[in-house]
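Student: First, the structure itself, so that you have it in front of you.
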Amino acid sequence: MPDIIAKDLVVIYNYTLRTQSEEVVGKDEGEQTPYLHGYENIFPKVEAEMEGKKVGDRFSISLSAEDGFGEKTPTTPQQVPRSAFPEDAILEEGVAFNLETPTGEIMPFWLSEVDEEFVYLDSNHPLAGEKLFFEIEITGIREANAVELEHGHPHGVDGHAGHHH
Ligand SMILES: [Zn+2]
């Protein structure tokens with residue numbers, strides 16, 4: 001087992017994410033989150049801070065909006081009738097969809113508002129413009145397998161998670 005975080009290793013960690021207003025907006029609820037170090041699976045600033053850490057290390061790091069989900073761009077959310085979505089689509093605030101723009105580009109959109117008849121698509125991530133505060137604990141480090149290295153991301157905590165891509 002490797003004991004220091006370095007490129008091509010899978011790192012398993014727990015985290016809590018808060019905004020400036022102390023609101024907890026992300027937490028893995030005791031589940032361990034894996035990422036492949038050196039492949040920008042996570043925010044580059046957080047990945048840089050991970051370098052050289054070992055199991056049991058804890059740290060806090062804050063990110064500017066720019067280093068997090070980006071600055072908020074002043075756009076008007078697009079009103080779309082619910083009927084434009086498949087019947088089984090989950091239409092709740094904060095849900096993301098990858099949609100094709102008129103120029104053929106695939107872009108993520110988030111539902112910023114939902115009412116009985118319409119949903120509102122916003123190109124801003126719900127946490128755009130927010131300063132982010134992470135608390136992170138490293139709980140495991142392991143070698144990546146060949147498939148994970150080829151894909152550039154881990155397949156679950158143990159490397160055997162089924163996946164479809
Ligand atoms: Zn994969």
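By convention in this document, the chains of the structure tokens carry letters A, B, ... by their order, each chain's residues are numbered from 1, and ligands are numbered from 1 in the order they are shown.
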Considering only C-alpha atoms, return as JSON, numbers by chain whatever protein or nucleic-acid residues lie within 6 Å of segment 90-98 of chain A, sequence-local ones (same chain, fewer than 3 positions apart) excluded.
Tutor: {"A": [107, 108, 109, 110, 111, 112, 113]}
Student: Please tabulate, as JSON lines, the residues of chain A that come within 12 Å of ligand 1, each with its closest pair of atoms and the distance in Å to one decimal, counting only C-alpha atoms and all ligand atoms and ordering rows by chain, then residue number upward.
Tutor:
{"residue": "A:Tyr35", "atom": "CA", "partner": "ligand 1", "partner_atom_place_in_ligand_line": "1 (Zn)", "distance": 11.5}
{"residue": "A:Leu36", "atom": "CA", "partner": "ligand 1", "partner_atom_place_in_ligand_line": "1 (Zn)", "distance": 10.9}
{"residue": "A:Asn41", "atom": "CA", "partner": "ligand 1", "partner_atom_place_in_ligand_line": "1 (Zn)", "distance": 11.9}
{"residue": "A:Ala144", "atom": "CA", "partner": "ligand 1", "partner_atom_place_in_ligand_line": "1 (Zn)", "distance": 11.6}
{"residue": "A:Asn145", "atom": "CA", "partner": "ligand 1", "partner_atom_place_in_ligand_line": "1 (Zn)", "distance": 10.8}
{"residue": "A:Ala146", "atom": "CA", "partner": "ligand 1", "partner_atom_place_in_ligand_line": "1 (Zn)", "distance": 10.5}
{"residue": "A:Val147", "atom": "CA", "partner": "ligand 1", "partner_atom_place_in_ligand_line": "1 (Zn)", "distance": 7.0}
{"residue": "A:Glu148", "atom": "CA", "partner": "ligand 1", "partner_atom_place_in_ligand_line": "1 (Zn)", "distance": 6.0}
{"residue": "A:Leu149", "atom": "CA", "partner": "ligand 1", "partner_atom_place_in_ligand_line": "1 (Zn)", "distance": 8.8}
{"residue": "A:Glu150", "atom": "CA", "partner": "ligand 1", "partner_atom_place_in_ligand_line": "1 (Zn)", "distance": 7.9}
{"residue": "A:His151", "atom": "CA", "partner": "ligand 1", "partner_atom_place_in_ligand_line": "1 (Zn)", "distance": 4.8}
{"residue": "A:Gly152", "atom": "CA", "partner": "ligand 1", "partner_atom_place_in_ligand_line": "1 (Zn)", "distance": 7.2}
{"residue": "A:His153", "atom": "CA", "partner": "ligand 1", "partner_atom_place_in_ligand_line": "1 (Zn)", "distance": 6.0}
{"residue": "A:Pro154", "atom": "CA", "partner": "ligand 1", "partner_atom_place_in_ligand_line": "1 (Zn)", "distance": 6.7}
{"residue": "A:His155", "atom": "CA", "partner": "ligand 1", "partner_atom_place_in_ligand_line": "1 (Zn)", "distance": 6.0}
{"residue": "A:Gly156", "atom": "CA", "partner": "ligand 1", "partner_atom_place_in_ligand_line": "1 (Zn)", "distance": 9.5}
{"residue": "A:Gly159", "atom": "CA", "partner": "ligand 1", "partner_atom_place_in_ligand_line": "1 (Zn)", "distance": 9.7}
{"residue": "A:His160", "atom": "CA", "partner": "ligand 1", "partner_atom_place_in_ligand_line": "1 (Zn)", "distance": 10.2}
{"residue": "A:Ala161", "atom": "CA", "partner": "ligand 1", "partner_atom_place_in_ligand_line": "1 (Zn)", "distance": 9.1}
{"residue": "A:Gly162", "atom": "CA", "partner": "ligand 1", "partner_atom_place_in_ligand_line": "1 (Zn)", "distance": 8.7}
{"residue": "A:His163", "atom": "CA", "partner": "ligand 1", "partner_atom_place_in_ligand_line": "1 (Zn)", "distance": 6.3}
{"residue": "A:His164", "atom": "CA", "partner": "ligand 1", "partner_atom_place_in_ligand_line": "1 (Zn)", "distance": 7.5}
{"residue": "A:His165", "atom": "CA", "partner": "ligand 1", "partner_atom_place_in_ligand_line": "1 (Zn)", "distance": 6.3}
Student: Can I get the selected residues back with N, CA and C atoms, as a PDB file, in the first residue's frame?
Tutor:
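Heads up, here's the output in part-v4.pdb:
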ATOM      1  N   TYR A  35     -10.940   9.518  -5.550  1.00  0.00           N
ATOM      2  CA  TYR A  35     -10.580  10.214  -6.792  1.00  0.00           C
ATOM      3  C   TYR A  35      -9.205   9.724  -7.213  1.00  0.00           C
ATOM      4  N   LEU A  36      -8.888   9.929  -8.477  1.00  0.00           N
ATOM      5  CA  LEU A  36      -7.578   9.519  -8.993  1.00  0.00           C
ATOM      6  C   LEU A  36      -6.670  10.744  -9.021  1.00  0.00           C
ATOM      7  N   ASN A  41      -9.744  15.169 -11.218  1.00  0.00           N
ATOM      8  CA  ASN A  41     -11.080  14.668 -10.850  1.00  0.00           C
ATOM      9  C   ASN A  41     -11.729  15.621  -9.864  1.00  0.00           C
ATOM     10  N   ALA A 144      -3.898   2.485  -8.353  1.00  0.00           N
ATOM     11  CA  ALA A 144      -4.998   2.428  -9.320  1.00  0.00           C
ATOM     12  C   ALA A 144      -4.772   1.205 -10.200  1.00  0.00           C
ATOM     13  N   ASN A 145      -5.861   0.607 -10.699  1.00  0.00           N
ATOM     14  CA  ASN A 145      -5.665  -0.496 -11.645  1.00  0.00           C
ATOM     15  C   ASN A 145      -5.562   0.064 -13.068  1.00  0.00           C
ATOM     16  N   ALA A 146      -5.202  -0.795 -14.004  1.00  0.00           N
ATOM     17  CA  ALA A 146      -4.911  -0.344 -15.373  1.00  0.00           C
ATOM     18  C   ALA A 146      -6.116   0.342 -16.019  1.00  0.00           C
ATOM     19  N   VAL A 147      -7.313  -0.199 -15.755  1.00  0.00           N
ATOM     20  CA  VAL A 147      -8.512   0.382 -16.370  1.00  0.00           C
ATOM     21  C   VAL A 147      -8.776   1.779 -15.805  1.00  0.00           C
ATOM     22  N   GLU A 148      -8.584   1.929 -14.509  1.00  0.00           N
ATOM     23  CA  GLU A 148      -8.792   3.243 -13.891  1.00  0.00           C
ATOM     24  C   GLU A 148      -7.821   4.276 -14.474  1.00  0.00           C
ATOM     25  N   LEU A 149      -6.567   3.867 -14.665  1.00  0.00           N
ATOM     26  CA  LEU A 149      -5.580   4.794 -15.225  1.00  0.00           C
ATOM     27  C   LEU A 149      -5.960   5.163 -16.660  1.00  0.00           C
ATOM     28  N   GLU A 150      -6.472   4.185 -17.386  1.00  0.00           N
ATOM     29  CA  GLU A 150      -6.874   4.438 -18.769  1.00  0.00           C
ATOM     30  C   GLU A 150      -8.059   5.413 -18.809  1.00  0.00           C
ATOM     31  N   HIS A 151      -9.000   5.231 -17.871  1.00  0.00           N
ATOM     32  CA  HIS A 151     -10.185   6.095 -17.841  1.00  0.00           C
ATOM     33  C   HIS A 151      -9.922   7.443 -17.177  1.00  0.00           C
ATOM     34  N   GLY A 152      -8.891   7.497 -16.354  1.00  0.00           N
ATOM     35  CA  GLY A 152      -8.597   8.753 -15.675  1.00  0.00           C
ATOM     36  C   GLY A 152      -9.472   9.035 -14.479  1.00  0.00           C
ATOM     37  N   HIS A 153     -10.113   7.996 -13.930  1.00  0.00           N
ATOM     38  CA  HIS A 153     -10.914   8.160 -12.708  1.00  0.00           C
ATOM     39  C   HIS A 153     -11.042   6.804 -12.011  1.00  0.00           C
ATOM     40  N   PRO A 154     -11.334   6.821 -10.710  1.00  0.00           N
ATOM     41  CA  PRO A 154     -11.424   5.551  -9.988  1.00  0.00           C
ATOM     42  C   PRO A 154     -12.774   4.873 -10.204  1.00  0.00           C
ATOM     43  N   HIS A 155     -12.785   3.570 -10.057  1.00  0.00           N
ATOM     44  CA  HIS A 155     -14.025   2.806 -10.108  1.00  0.00           C
ATOM     45  C   HIS A 155     -14.385   2.361  -8.705  1.00  0.00           C
ATOM     46  N   GLY A 156     -14.867   3.313  -7.942  1.00  0.00           N
ATOM     47  CA  GLY A 156     -15.277   3.011  -6.573  1.00  0.00           C
ATOM     48  C   GLY A 156     -14.102   2.942  -5.624  1.00  0.00           C
ATOM     49  N   GLY A 159     -12.053  -0.165  -6.520  1.00  0.00           N
ATOM     50  CA  GLY A 159     -11.582  -0.300  -7.883  1.00  0.00           C
ATOM     51  C   GLY A 159     -12.371  -1.295  -8.716  1.00  0.00           C
ATOM     52  N   HIS A 160     -13.412  -1.897  -8.113  1.00  0.00           N
ATOM     53  CA  HIS A 160     -14.168  -2.912  -8.842  1.00  0.00           C
ATOM     54  C   HIS A 160     -15.598  -2.493  -9.124  1.00  0.00           C
ATOM     55  N   ALA A 161     -15.916  -1.243  -8.822  1.00  0.00           N
ATOM     56  CA  ALA A 161     -17.301  -0.799  -9.021  1.00  0.00           C
ATOM     57  C   ALA A 161     -17.679  -0.939 -10.485  1.00  0.00           C
ATOM     58  N   GLY A 162     -18.862  -1.417 -10.723  1.00  0.00           N
ATOM     59  CA  GLY A 162     -19.349  -1.509 -12.085  1.00  0.00           C
ATOM     60  C   GLY A 162     -19.583  -0.108 -12.622  1.00  0.00           C
ATOM     61  N   HIS A 163     -19.409   0.071 -13.880  1.00  0.00           N
ATOM     62  CA  HIS A 163     -19.698   1.388 -14.445  1.00  0.00           C
ATOM     63  C   HIS A 163     -20.056   1.221 -15.898  1.00  0.00           C
ATOM     64  N   HIS A 164     -20.691   2.222 -16.445  1.00  0.00           N
ATOM     65  CA  HIS A 164     -21.193   2.126 -17.793  1.00  0.00           C
ATOM     66  C   HIS A 164     -20.757   3.352 -18.589  1.00  0.00           C
ATOM     67  N   HIS A 165     -19.532   3.327 -19.067  1.00  0.00           N
ATOM     68  CA  HIS A 165     -19.104   4.375 -19.990  1.00  0.00           C
ATOM     69  C   HIS A 165     -17.953   3.879 -20.853  1.00  0.00           C
TER      70      HIS A 165
END
Student: So that I can check the surroundings of Asp67 of chain A, please list as number ranges by chain every protein, DNA and RNA residue that reaches within 10 Å of it, counting only C-alpha atoms and ignoring chain neighbours fewer than 5 positions away.
Tutor: A: 43-46, 62, 130-132
Student: Using only C-alpha atoms, find the one residue out of A:Tyr15, A:Phe59, A:Phe85, A:Phe69 that sits nearest to Glu117 of chain A.
Tutor: A:Phe85
Student: Apply DSSP to the structure's backbone, then extract all residues of segment 13-113 of chain A labelled helix (DSSP H, G or I) and return them as a ChimeraX atom specification.
Tutor: /A:44-50,82-84
Student: Include N, CA and C atoms and write out the residues we just selected as a compact mmCIF listing (two decimals), in the first residue's frame.
Tutor:
# COMPACT_ATOMS: atom_id res chain seq x y z
N PRO A 44 -8.60 21.69 -8.87
CA PRO A 44 -7.14 21.69 -8.93
C PRO A 44 -6.47 22.19 -7.63
N LYS A 45 -7.04 23.20 -6.98
CA LYS A 45 -6.45 23.71 -5.73
C LYS A 45 -6.49 22.66 -4.64
N VAL A 46 -7.58 21.91 -4.57
CA VAL A 46 -7.71 20.87 -3.55
C VAL A 46 -6.73 19.74 -3.87
N GLU A 47 -6.65 19.40 -5.15
CA GLU A 47 -5.73 18.34 -5.56
C GLU A 47 -4.28 18.71 -5.21
N ALA A 48 -3.92 19.96 -5.44
CA ALA A 48 -2.55 20.41 -5.12
C ALA A 48 -2.28 20.27 -3.62
N GLU A 49 -3.29 20.57 -2.81
CA GLU A 49 -3.14 20.48 -1.35
C GLU A 49 -3.04 19.02 -0.90
N MET A 50 -3.63 18.12 -1.63
CA MET A 50 -3.61 16.68 -1.31
C MET A 50 -2.21 16.08 -1.49
N ARG A 82 -42.55 21.88 -18.35
CA ARG A 82 -42.26 20.55 -17.82
C ARG A 82 -42.45 19.47 -18.88
N SER A 83 -43.42 19.72 -19.78
CA SER A 83 -43.75 18.71 -20.79
C SER A 83 -42.61 18.48 -21.77
N ALA A 84 -41.59 19.37 -21.77
CA ALA A 84 -40.45 19.19 -22.67
C ALA A 84 -39.50 18.11 -22.17
Student: Given only C-alpha atoms as the basis, pick out the residue of A:Leu99, A:Phe133, A:Ile5, A:Val55 nearest to Glu22 of chain A.
Tutor: A:Phe133
Student: Between atom CA of Gly129 of chain A and atom CA of Ile42 of chain A, what is the spacing in Å?
Tutor: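 Atom CA of Gly129 of chain A lies at a distance of 18.0 Å from atom CA of Ile42 of chain A.
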Student: Please identify which residues in segment 61-115 of chain A DSSP calls strand (DSSP E or B) from the backbone, and express them as number ranges by chain.
Tutor: A: 61-63, 78-81, 96-100, 106-114
Student: Could you state the separation of atom CA of Glu137 of chain A and atom CA of Glu23 of chain A in Å, given to one decimal place?
Tutor: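 Result for atom CA of Glu137 of chain A versus atom CA of Glu23 of chain A: 19.2 Å, one decimal.
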